[in-house]
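Chemist: Contents of coords11.txt (compact mmCIF, C-alpha atoms and all ligand atoms) are below:
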# COMPACT_ATOMS: atom_id res chain seq x y z
CA MET A 3 -126.43 -286.08 12.60
CA GLN A 4 -127.57 -284.10 9.59
CA LEU A 5 -124.64 -283.73 7.22
CA THR A 6 -124.88 -281.50 4.16
CA VAL A 7 -122.24 -281.82 1.47
CA VAL A 8 -121.88 -278.51 -0.34
CA LEU A 9 -120.61 -279.25 -3.85
CA PRO A 10 -119.69 -276.20 -5.94
CA THR A 11 -119.71 -276.92 -9.66
CA TYR A 12 -118.56 -275.15 -12.75
CA ASN A 13 -118.50 -277.39 -15.81
CA GLU A 14 -118.52 -280.67 -13.92
CA ALA A 15 -121.07 -282.51 -16.11
CA GLU A 16 -118.59 -285.36 -16.51
CA ASN A 17 -118.15 -285.77 -12.76
CA LEU A 18 -121.37 -284.80 -11.02
CA ALA A 19 -123.47 -287.97 -11.40
CA SER A 20 -120.65 -290.28 -10.31
CA MET A 21 -119.78 -287.99 -7.40
CA VAL A 22 -123.39 -287.99 -6.20
CA ALA A 23 -123.57 -291.77 -6.52
CA ALA A 24 -120.30 -292.19 -4.61
CA LEU A 25 -121.48 -289.93 -1.79
CA PHE A 26 -124.86 -291.64 -1.45
CA ALA A 27 -123.14 -295.05 -1.44
CA LEU A 28 -121.06 -294.20 1.65
CA ASP A 29 -121.75 -296.14 4.79
CA LEU A 30 -121.68 -293.47 7.49
CA PRO A 31 -122.42 -294.14 11.14
CA ASP A 32 -125.33 -292.15 12.65
CA THR A 33 -125.36 -289.71 9.76
CA GLU A 34 -127.98 -288.52 7.31
CA LEU A 35 -126.16 -287.24 4.29
CA SER A 36 -127.70 -284.77 1.89
CA ILE A 37 -126.12 -282.87 -0.98
CA LEU A 38 -126.40 -279.25 -2.04
CA VAL A 39 -125.02 -278.55 -5.51
CA VAL A 40 -124.06 -274.91 -6.04
CA ASP A 41 -123.83 -274.31 -9.77
CA ASP A 42 -122.80 -271.02 -11.37
CA ALA A 43 -124.75 -271.48 -14.63
CA SER A 44 -122.16 -273.89 -16.06
CA PRO A 45 -122.17 -273.67 -19.86
CA ASP A 46 -121.78 -277.46 -20.11
CA GLY A 47 -125.22 -278.11 -18.60
CA THR A 48 -124.11 -279.23 -15.11
CA GLY A 49 -127.05 -277.27 -13.66
CA ASP A 50 -129.65 -279.19 -15.69
CA LEU A 51 -128.01 -282.45 -14.77
CA ALA A 52 -128.14 -281.41 -11.12
CA ASP A 53 -131.88 -280.74 -11.45
CA GLU A 54 -132.38 -284.24 -12.87
CA LEU A 55 -130.44 -285.71 -9.95
CA ALA A 56 -132.54 -283.65 -7.52
CA ALA A 57 -135.70 -285.12 -9.06
CA ALA A 58 -134.24 -288.61 -8.69
CA HIS A 59 -133.32 -288.03 -5.01
CA PRO A 60 -136.16 -285.94 -3.58
CA GLY A 61 -135.32 -284.44 -0.21
CA ARG A 62 -131.72 -285.63 -0.37
CA LEU A 63 -130.29 -283.50 -3.12
CA SER A 64 -131.00 -279.87 -3.85
CA VAL A 65 -129.53 -277.35 -6.23
CA LEU A 66 -128.66 -273.72 -5.77
CA HIS A 67 -128.51 -272.07 -9.19
CA ARG A 68 -126.54 -268.88 -9.40
CA ALA A 69 -126.64 -266.45 -12.31
CA GLY A 70 -123.02 -266.68 -13.44
CA LYS A 71 -119.47 -267.62 -12.48
CA GLU A 72 -118.56 -265.63 -9.41
CA GLY A 73 -115.83 -267.80 -7.98
CA LEU A 74 -115.53 -270.56 -5.43
CA GLY A 75 -115.67 -268.37 -2.33
CA LYS A 76 -118.97 -266.75 -3.23
CA ALA A 77 -120.43 -270.12 -4.22
CA TYR A 78 -119.41 -271.60 -0.86
CA LEU A 79 -120.77 -268.69 1.18
CA ALA A 80 -124.14 -269.01 -0.56
CA GLY A 81 -124.10 -272.79 -0.16
CA PHE A 82 -123.14 -272.66 3.53
CA ALA A 83 -125.95 -270.17 4.22
CA GLN A 84 -128.52 -272.42 2.59
CA ALA A 85 -127.22 -275.59 4.27
CA LEU A 86 -127.36 -273.91 7.71
CA ASP A 87 -130.84 -272.53 6.99
CA GLN A 88 -131.99 -276.03 6.25
CA GLY A 89 -130.70 -277.28 9.59
CA ALA A 90 -127.38 -278.93 8.74
CA GLU A 91 -125.47 -279.91 11.89
CA LEU A 92 -122.32 -280.69 9.93
CA VAL A 93 -121.27 -279.10 6.65
CA LEU A 94 -118.74 -280.70 4.32
CA GLN A 95 -117.04 -278.73 1.58
CA MET A 96 -115.39 -280.60 -1.27
CA ASP A 97 -114.53 -280.32 -4.96
CA CYS A 98 -116.64 -282.19 -7.46
CA ASP A 99 -113.68 -283.64 -9.37
CA PHE A 100 -112.57 -286.64 -7.24
CA SER A 101 -109.37 -284.94 -6.08
CA HIS A 102 -111.25 -285.02 -2.81
CA LYS A 103 -111.98 -288.72 -2.55
CA PRO A 104 -115.41 -289.52 -1.13
CA GLU A 105 -114.01 -292.43 0.87
CA TYR A 106 -112.32 -289.95 3.24
CA VAL A 107 -115.67 -288.51 4.34
CA ARG A 108 -116.07 -291.36 6.78
CA ASP A 109 -112.63 -290.69 8.31
CA MET A 110 -113.48 -287.01 8.63
CA LEU A 111 -116.75 -287.79 10.40
CA LEU A 112 -115.02 -290.13 12.81
CA ALA A 113 -112.30 -287.53 13.44
CA ILE A 114 -114.74 -284.74 14.31
CA GLY A 115 -116.24 -286.94 17.01
CA GLN A 116 -112.88 -287.91 18.52
CA PRO A 117 -111.30 -285.94 21.37
CA LEU A 118 -107.99 -284.38 20.31
CA PRO A 119 -104.77 -285.87 21.61
CA GLY A 120 -102.50 -283.91 23.92
CA LYS A 121 -99.88 -281.36 22.93
CA GLY A 122 -97.24 -282.41 20.46
CA ALA A 123 -99.54 -284.02 17.91
CA GLY A 124 -98.91 -282.70 14.38
CA GLY A 125 -101.57 -280.78 12.50
CA ASP A 126 -103.65 -279.41 15.33
CA ALA A 127 -104.51 -275.73 15.56
CA GLY A 128 -106.33 -274.23 18.49
CA GLY A 129 -105.14 -276.58 21.24
CA GLY A 130 -108.01 -278.16 23.11
CA ALA A 131 -106.55 -281.52 24.10
CA GLY A 132 -109.31 -283.85 25.25
CA ARG A 133 -112.01 -281.93 23.39
CA THR A 134 -113.49 -282.66 19.99
CA PRO A 135 -112.42 -280.55 16.99
CA ASP A 136 -114.50 -277.72 15.53
CA MET A 137 -113.30 -278.38 11.99
CA ILE A 138 -111.54 -281.24 10.22
CA LEU A 139 -109.11 -280.35 7.45
CA ALA A 140 -108.30 -283.17 5.04
CA SER A 141 -104.66 -282.38 4.43
CA ARG A 142 -102.20 -283.11 1.65
CA PHE A 143 -99.17 -281.99 3.61
CA VAL A 144 -99.65 -283.24 7.15
CA SER A 145 -97.56 -286.30 7.90
CA GLY A 146 -98.98 -289.24 5.92
CA GLY A 147 -100.71 -287.07 3.30
CA ARG A 148 -99.53 -286.73 -0.31
CA VAL A 149 -100.30 -285.24 -3.70
CA ASP A 150 -100.63 -287.03 -7.03
CA ASP A 151 -97.79 -289.49 -7.70
CA SER A 152 -97.30 -288.01 -11.16
CA TRP A 153 -96.19 -284.59 -9.87
CA ALA A 154 -92.56 -283.67 -10.49
CA TRP A 155 -90.49 -283.20 -7.34
CA TRP A 156 -90.21 -279.44 -7.86
CA ARG A 157 -93.98 -279.11 -8.14
CA LYS A 158 -94.46 -281.06 -4.93
CA LEU A 159 -91.84 -278.89 -3.25
CA LEU A 160 -93.43 -275.64 -4.44
CA SER A 161 -96.86 -276.68 -3.35
CA TRP A 162 -95.62 -277.85 0.03
CA PHE A 163 -93.73 -274.59 0.45
CA ALA A 164 -96.76 -272.43 -0.40
CA ASN A 165 -99.11 -274.25 1.92
CA SER A 166 -96.92 -275.36 4.80
CA VAL A 167 -94.29 -272.61 4.95
CA TYR A 168 -95.36 -269.39 3.20
CA VAL A 169 -98.92 -269.07 4.47
CA ARG A 170 -97.91 -270.40 7.84
CA ALA A 171 -95.09 -267.89 8.21
CA ILE A 172 -97.24 -264.90 7.24
CA LEU A 173 -100.28 -265.78 9.29
CA GLY A 174 -98.78 -267.83 12.10
CA LEU A 175 -101.44 -270.37 11.31
CA PRO A 176 -100.23 -273.74 12.60
CA LEU A 177 -101.62 -275.79 9.72
CA CYS A 178 -99.87 -277.77 6.99
CA ASP A 179 -102.45 -277.21 4.24
CA ALA A 180 -104.14 -273.84 4.66
CA THR A 181 -105.41 -273.76 1.05
CA GLY A 182 -106.86 -277.26 1.18
CA GLY A 183 -110.56 -277.18 0.37
CA PHE A 184 -111.74 -280.53 1.76
CA ARG A 185 -113.15 -279.63 5.17
CA LEU A 186 -115.81 -280.72 7.61
CA TRP A 187 -117.32 -277.94 9.71
CA ARG A 188 -119.57 -278.01 12.71
CA ARG A 189 -122.65 -275.84 12.36
CA GLU A 190 -121.64 -273.92 15.50
CA THR A 191 -118.24 -273.12 14.04
CA LEU A 192 -119.60 -271.58 10.84
CA LEU A 193 -122.25 -269.60 12.74
CA GLY A 194 -119.82 -268.43 15.40
CA MET A 195 -117.39 -267.24 12.71
CA ASP A 196 -120.01 -264.90 11.23
CA ILE A 197 -118.79 -265.92 7.80
CA GLN A 198 -121.30 -263.91 5.78
CA ASN A 199 -119.92 -260.67 7.23
CA ARG A 200 -116.28 -261.53 7.81
CA ILE A 201 -115.18 -263.57 4.79
CA GLN A 202 -114.40 -261.50 1.73
CA SER A 203 -112.02 -263.55 -0.42
CA ASN A 204 -112.59 -265.78 -3.38
CA GLY A 205 -110.55 -268.60 -4.88
CA TYR A 206 -107.65 -270.11 -2.91
CA VAL A 207 -107.56 -267.21 -0.49
CA PHE A 208 -111.10 -268.02 0.53
CA GLN A 209 -109.81 -271.25 2.06
CA VAL A 210 -106.97 -269.40 3.78
CA GLU A 211 -109.28 -266.70 5.13
CA MET A 212 -111.76 -269.26 6.48
CA ALA A 213 -109.00 -271.20 8.24
CA TYR A 214 -107.40 -268.03 9.63
CA VAL A 215 -110.65 -266.60 11.01
CA ALA A 216 -111.53 -269.96 12.58
CA TRP A 217 -108.11 -270.20 14.22
CA ARG A 218 -108.04 -266.57 15.42
CA LEU A 219 -111.42 -267.15 17.05
CA GLY A 220 -109.97 -270.10 18.90
CA TYR A 221 -111.71 -272.90 17.08
CA ARG A 222 -109.92 -276.23 17.11
CA ILE A 223 -108.81 -277.45 13.68
CA HIS A 224 -107.53 -280.98 13.23
CA GLU A 225 -105.75 -282.16 10.08
CA ILE A 226 -106.01 -285.70 8.85
CA PRO A 227 -103.83 -287.03 6.01
CA ILE A 228 -105.22 -287.70 2.54
CA TYR A 229 -103.95 -288.72 -0.87
CA PHE A 230 -104.88 -286.00 -3.35
CA PRO A 231 -104.96 -287.32 -6.93
CA ASP A 232 -105.26 -285.03 -9.95
CA ARG A 233 -108.70 -284.76 -11.47
CA GLU A 234 -109.26 -287.34 -14.23
CA ARG A 235 -112.12 -285.62 -16.03
CA GLY A 236 -112.95 -282.00 -16.78
CA THR A 237 -110.56 -279.11 -16.34
CA SER A 238 -109.28 -277.12 -13.39
CA LYS A 239 -110.45 -273.54 -13.02
CA MET A 240 -107.36 -272.54 -11.08
CA ASP A 241 -104.15 -271.37 -12.71
CA VAL A 242 -100.78 -269.84 -11.83
CA ARG A 243 -102.18 -266.29 -11.99
CA ILE A 244 -104.78 -267.17 -9.37
CA GLN A 245 -102.10 -268.79 -7.22
CA LEU A 246 -99.86 -265.71 -7.34
CA GLU A 247 -102.83 -263.52 -6.53
CA ALA A 248 -103.48 -265.77 -3.53
CA ALA A 249 -99.91 -265.31 -2.31
CA ARG A 250 -100.35 -261.52 -2.41
CA ARG A 251 -103.76 -261.51 -0.81
CA THR A 252 -102.60 -263.51 2.18
CA PHE A 253 -101.31 -260.20 3.59
CA GLU A 254 -104.77 -258.65 3.29
CA VAL A 255 -106.25 -261.56 5.16
CA ARG A 256 -103.78 -260.94 7.98
CA ARG A 257 -104.55 -257.23 8.08
CA ARG A 258 -108.29 -257.86 8.19
CA HIS A 259 -108.35 -260.42 10.94
CA LYS A 260 -105.15 -260.31 13.00
CA ALA A 261 -106.90 -258.61 15.94
CA LEU A 262 -109.66 -261.21 16.24
CA THR A 263 -109.92 -263.08 19.52
CA PRO A 264 -112.29 -265.78 20.79
CA ALA A 265 -114.35 -263.02 22.41
CA GLU A 266 -115.43 -262.00 18.92
CA ARG A 267 -117.25 -265.19 18.16
CA VAL A 268 -120.88 -264.54 17.41
CA ALA A 269 -122.90 -265.65 20.40
CA LEU A 270 -125.26 -268.50 19.53
CA LEU A 271 -128.66 -268.92 21.06
CA PRO A 272 -128.69 -271.90 23.41
N1 LIG B 301 -120.09 -272.73 -8.32
C1 LIG B 301 -118.81 -272.57 -8.67
N2 LIG B 301 -117.96 -273.63 -8.60
C2 LIG B 301 -116.66 -273.45 -8.95
C3 LIG B 301 -116.15 -272.20 -9.39
N3 LIG B 301 -114.82 -272.34 -9.65
C4 LIG B 301 -114.52 -273.64 -9.40
N4 LIG B 301 -115.63 -274.32 -8.99
C5 LIG B 301 -115.74 -275.72 -8.55
O1 LIG B 301 -114.95 -275.83 -7.39
C6 LIG B 301 -114.24 -277.07 -7.36
C7 LIG B 301 -112.73 -276.82 -7.35
O2 LIG B 301 -112.32 -276.22 -8.57
P1 LIG B 301 -111.12 -276.77 -9.44
O3 LIG B 301 -111.19 -276.11 -10.74
O4 LIG B 301 -111.12 -278.26 -9.41
O5 LIG B 301 -109.90 -276.19 -8.67
P2 LIG B 301 -108.55 -276.97 -8.30
O6 LIG B 301 -108.95 -278.20 -7.56
O7 LIG B 301 -107.80 -275.99 -7.47
O8 LIG B 301 -107.93 -277.27 -9.62
C8 LIG B 301 -114.76 -277.85 -8.55
O9 LIG B 301 -115.83 -278.65 -8.14
C9 LIG B 301 -115.20 -276.75 -9.50
O10 LIG B 301 -116.20 -277.18 -10.41
C10 LIG B 301 -117.07 -271.09 -9.45
O11 LIG B 301 -116.73 -269.98 -9.84
N5 LIG B 301 -118.37 -271.34 -9.08
MG MG B 302 -109.86 -279.70 -8.36
Could the structure of this file be written out as structure tokens, please?
Modeler:
Amino acid sequence: MQLTVVLPTYNEAENLASMVAALFALDLPDTELSILVVDDASPDGTGDLADELAAAHPGRLSVLHRAGKEGLGKAYLAGFAQALDQGAELVLQMDCDFSHKPEYVRDMLLAIGQPLPGKGAGGDAGGGAGRTPDMILASRFVSGGRVDDSWAWWRKLLSWFANSVYVRAILGLPLCDATGGFRLWRRETLLGMDIQNRIQSNGYVFQVEMAYVAWRLGYRIHEIPIYFPDRERGTSKMDVRIQLEAARRTFEVRRRHKALTPAERVALLP
């Protein structure tokens, strides 16, 4: 299988080379892994570093340079389009800061090839017992998952509430971590979702909108537990303002897509 890892970067010069090395060092069954870095003209020179890495790994690493910081959602939409154009059969989205640990990629690949268990299993959206999932969501809040040990209890509680209760209650989305951004998609899922036309959000809501559209269209989403450590190097681009904005925009996502049904998947050529 051709797997493309789409890595959005904004000021990740301290992390990019070690992330690329960690991904290329993975031992993945029946998988050809390539990397697409999507850099928004990072002032710290991440884009130049990415070009050097591309020269060192011809054919395995490419770089999409964008003119300026436009947000994670736009970066991902551009990256997904390029990965699909280049024939990716599986597309992995992950942060470039080691909060999404590369070692879980193998688990995610195994999970997307495994038929789903019957009803009653936690963290499955879209039913489909006995069939393989259409997307794997590496989840902080499904049973067995957890966030950084250093978080205070109230921060853990707030985060769990936002992801497992608030978003779930508004959208009816049966997931434990709807804002989680560590996901493995099948090519057919992204194409069938018509993401370039349907997805309009940026930031955290982008993740929510992608999950909601996938679920409304009847795609099967399976959550697997991960440990989510804080980033060790560089700084986060998300803050409380962005999180509050996400909470508000969840209602817009519902309005936009609540009428979607599986009949509205984009038909794929056989
Ligand atoms: N290309 C691009 N990447 C971004 C942008 N904002 C964040 N990122 C990257 O997206 C990933 C997640 O961002 P991060 O700041 O770690 O968010 P957090 O994990 O929610 O704290 C990291 O790899 C960032 O470098 C953006 O506007 N453009
Ligand atoms: Mg991060």
Chemist: Under the rule that only C-alpha atoms and all ligand atoms are counted, which of A:Leu86, A:Val7, A:Leu111, A:Val149 is the nearest residue to ligand MG 302 (chain B)?
Modeler: A:Val149
Chemist: In Å, with one decimal, what is the gap from CA of Asn17 (chain A) to CA of Asp41 (chain A)?
Modeler: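 Those two atoms sit 13.1 Å apart.
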Chemist: Find the residue from A:Leu270, A:Val242, A:Ala15, A:Leu63 that sits nearest to Cys98 (chain A); use all atoms listed in the file when measuring.
Modeler: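 Of A:Leu270, A:Val242, A:Ala15, A:Leu63, the one nearest Cys98 (chain A), counting all atoms listed in the file, is A:Ala15.
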Chemist: Interatomic distance between CA of Ala154 (chain A) and CA of Tyr229 (chain A)?
Modeler: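 Interatomic distance, CA of Ala154 (chain A) to CA of Tyr229 (chain A): 15.7 Å.
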Chemist: So, counting all atoms listed in the file, which residue among A:Ile226, A:Val107, A:Ala57, A:Ala171 is closest to Pro135 (chain A)?
Modeler: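 Of the candidates, the smallest distance to Pro135 (chain A) is held by A:Ile226.
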Chemist: Nearest residue to Pro117 (chain A) out of A:Gly182, A:Arg222, A:Leu51, A:Asp29, using all atoms listed in the file?
Modeler: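 Among the listed residues, A:Arg222 lies closest to Pro117 (chain A).
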Chemist: When you count only C-alpha atoms, which of these residues is closest to Arg243 (chain A): A:Arg185, A:Pro45, A:Asp32, A:Gly205?
Modeler: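 Looking at the shortest contact to Arg243 (chain A), the residue is A:Gly205.
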Chemist: Dump as a tab-separated table the rows for residues of chain A within 6 Å of ligand LIG 301 (chain B): closest atom pair and distance in Å with one decimal, only C-alpha atoms and all ligand atoms counted, ordered by chain and rising residue number.
Modeler:
residue	atom	partner	partner_atom	distance
A:Pro10	CA	B:LIG301	N2	4.1
A:Thr11	CA	B:LIG301	O10	3.6
A:Tyr12	CA	B:LIG301	O10	3.9
A:Asn13	CA	B:LIG301	O10	5.9
A:Glu14	CA	B:LIG301	O10	5.5
A:Val40	CA	B:LIG301	N1	5.1
A:Asp41	CA	B:LIG301	N1	4.3
A:Asp42	CA	B:LIG301	N1	4.4
A:Lys71	CA	B:LIG301	O11	4.5
A:Glu72	CA	B:LIG301	O11	4.7
A:Gly73	CA	B:LIG301	O11	3.0
A:Leu74	CA	B:LIG301	C3	4.3
A:Ala77	CA	B:LIG301	N1	4.9
A:Asp97	CA	B:LIG301	O9	3.8
A:Cys98	CA	B:LIG301	O9	3.7
A:Asp99	CA	B:LIG301	O9	5.6
A:Ser238	CA	B:LIG301	O3	3.4
A:Lys239	CA	B:LIG301	O3	3.5
A:Met240	CA	B:LIG301	O8	5.0
Chemist: Calculated over only C-alpha atoms and all ligand atoms, which of the candidates A:Gly75, A:Gly174, A:Gly183, A:Pro119 has the smallest distance to ligand MG 302 (chain B)?
Modeler: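 Selected residue with least distance to ligand MG 302 (chain B): A:Gly183.
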Chemist: Identify, on the basis of only C-alpha atoms, every residue whose closest approach to Glu190 (chain A) does not exceed 9 Å; exclude the query and any residue fewer than 5 positions from it along the same chain; express the result as number ranges by chain.
Modeler: A: 91-92, 136, 195, 270
Chemist: Please save C-alpha atoms of the selected residues as a PDB file, keeping the file's coordinate frame.
Modeler:
ATOM      1  CA  GLU A  91    -125.470-279.910  11.890  1.00  0.00           C
ATOM      2  CA  LEU A  92    -122.320-280.690   9.930  1.00  0.00           C
ATOM      3  CA  ASP A 136    -114.500-277.720  15.530  1.00  0.00           C
ATOM      4  CA  MET A 195    -117.390-267.240  12.710  1.00  0.00           C
ATOM      5  CA  LEU A 270    -125.260-268.500  19.530  1.00  0.00           C
TER       6      LEU A 270
END
Chemist: Identify, on the basis of all atoms listed in the file, every residue whose closest approach to Val169 (chain A) does not exceed 8 Å; exclude the query and any residue fewer than 4 positions from it along the same chain; express the result as a ChimeraX atom specification.
Modeler: /A:164-165,173-175,180,249,252
Chemist: Output C-alpha atoms of each residue in that selection to a file, as an mmCIF file, keeping the file's coordinate frame.
Modeler:
data_model
loop_
_atom_site.group_PDB
_atom_site.id
_atom_site.type_symbol
_atom_site.label_atom_id
_atom_site.label_comp_id
_atom_site.auth_asym_id
_atom_site.auth_seq_id
_atom_site.Cartn_x
_atom_site.Cartn_y
_atom_site.Cartn_z
ATOM 1 C CA ALA A 164 -96.760 -272.430 -0.400
ATOM 2 C CA ASN A 165 -99.110 -274.250 1.920
ATOM 3 C CA LEU A 173 -100.280 -265.780 9.290
ATOM 4 C CA GLY A 174 -98.780 -267.830 12.100
ATOM 5 C CA LEU A 175 -101.440 -270.370 11.310
ATOM 6 C CA ALA A 180 -104.140 -273.840 4.660
ATOM 7 C CA ALA A 249 -99.910 -265.310 -2.310
ATOM 8 C CA THR A 252 -102.600 -263.510 2.180
#
Chemist: Can you tell me, as a list of chain:residue names, what residues are no more than 8 Å from Pro231 (chain A) when counting only C-alpha atoms, ignoring any on the same chain fewer than 4 positions away?
Modeler: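 The residues satisfying every condition are A:Phe100, A:Ser101, A:His102, A:Val149, A:Asp150, A:Asp151.
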Chemist: Using all atoms listed in the file, which residues sit within 8 Å of Arg267 (chain A) once same-chain residues fewer than 5 positions away are excluded, as a list of chain:residue names?
Modeler: A:Gly194, A:Met195, A:Asp196, A:Leu219
Chemist: Can you pull out the residues contacting Leu139 (chain A)? Cut-off 12 Å, using only C-alpha atoms, and skip same-chain residues under 4 positions away; I want them as a PyMOL selection string.
Modeler: chain A and resi 94-96+102+106-107+109-111+113-114+125-127+135+143-144+147+177-188+209-210+212-213+216+222-228
Chemist: Writing N, CA and C atoms and nothing else, produce region 49-75 of chain A as a compact mmCIF listing (two decimals), in the first residue's frame.
Modeler:
# COMPACT_ATOMS: atom_id res chain seq x y z
N GLY A 49 10.77 25.48 6.07
CA GLY A 49 10.60 25.17 4.65
C GLY A 49 11.92 24.84 3.96
N ASP A 50 12.97 25.58 4.28
CA ASP A 50 14.30 25.30 3.70
C ASP A 50 14.81 23.95 4.18
N LEU A 51 14.62 23.71 5.44
CA LEU A 51 15.03 22.43 6.01
C LEU A 51 14.29 21.29 5.31
N ALA A 52 13.01 21.50 5.05
CA ALA A 52 12.22 20.47 4.37
C ALA A 52 12.77 20.23 2.97
N ASP A 53 13.18 21.29 2.27
CA ASP A 53 13.78 21.12 0.95
C ASP A 53 15.07 20.30 1.02
N GLU A 54 15.87 20.54 2.04
CA GLU A 54 17.10 19.75 2.21
C GLU A 54 16.76 18.28 2.44
N LEU A 55 15.74 18.04 3.25
CA LEU A 55 15.34 16.65 3.51
C LEU A 55 14.80 16.00 2.23
N ALA A 56 14.10 16.78 1.42
CA ALA A 56 13.57 16.25 0.16
C ALA A 56 14.73 15.85 -0.76
N ALA A 57 15.78 16.65 -0.77
CA ALA A 57 16.95 16.32 -1.60
C ALA A 57 17.64 15.06 -1.09
N ALA A 58 17.60 14.86 0.22
CA ALA A 58 18.25 13.68 0.81
C ALA A 58 17.40 12.42 0.63
N HIS A 59 16.11 12.58 0.40
CA HIS A 59 15.21 11.41 0.24
C HIS A 59 14.41 11.55 -1.05
N PRO A 60 15.09 11.52 -2.20
CA PRO A 60 14.36 11.76 -3.46
C PRO A 60 13.25 10.74 -3.66
N GLY A 61 12.09 11.23 -4.07
CA GLY A 61 10.97 10.34 -4.33
C GLY A 61 10.22 9.90 -3.09
N ARG A 62 10.80 10.13 -1.91
CA ARG A 62 10.10 9.69 -0.69
C ARG A 62 9.59 10.86 0.15
N LEU A 63 10.18 12.02 -0.08
CA LEU A 63 9.73 13.18 0.69
C LEU A 63 9.55 14.36 -0.25
N SER A 64 8.40 14.97 -0.21
CA SER A 64 8.21 16.18 -1.01
C SER A 64 7.65 17.29 -0.12
N VAL A 65 7.71 18.50 -0.65
CA VAL A 65 7.34 19.67 0.14
C VAL A 65 6.35 20.52 -0.63
N LEU A 66 5.29 20.86 0.04
CA LEU A 66 4.34 21.82 -0.54
C LEU A 66 4.55 23.14 0.21
N HIS A 67 5.05 24.14 -0.52
CA HIS A 67 5.29 25.45 0.09
C HIS A 67 4.07 26.32 -0.16
N ARG A 68 3.56 26.89 0.89
CA ARG A 68 2.44 27.81 0.75
C ARG A 68 2.89 29.21 1.15
N ALA A 69 2.18 30.21 0.64
CA ALA A 69 2.71 31.59 0.71
C ALA A 69 2.74 32.17 2.13
N GLY A 70 1.83 31.74 2.99
CA GLY A 70 1.80 32.31 4.33
C GLY A 70 0.92 31.48 5.24
N LYS A 71 0.88 31.82 6.52
CA LYS A 71 0.13 31.02 7.49
C LYS A 71 -1.37 31.18 7.28
N GLU A 72 -1.99 30.11 6.88
CA GLU A 72 -3.43 30.15 6.60
C GLU A 72 -4.22 29.22 7.50
N GLY A 73 -3.52 28.55 8.41
CA GLY A 73 -4.23 27.66 9.32
C GLY A 73 -4.12 26.20 8.91
N LEU A 74 -4.35 25.36 9.92
CA LEU A 74 -4.16 23.93 9.76
C LEU A 74 -5.12 23.30 8.75
N GLY A 75 -6.36 23.75 8.76
CA GLY A 75 -7.36 23.16 7.87
C GLY A 75 -6.99 23.36 6.40
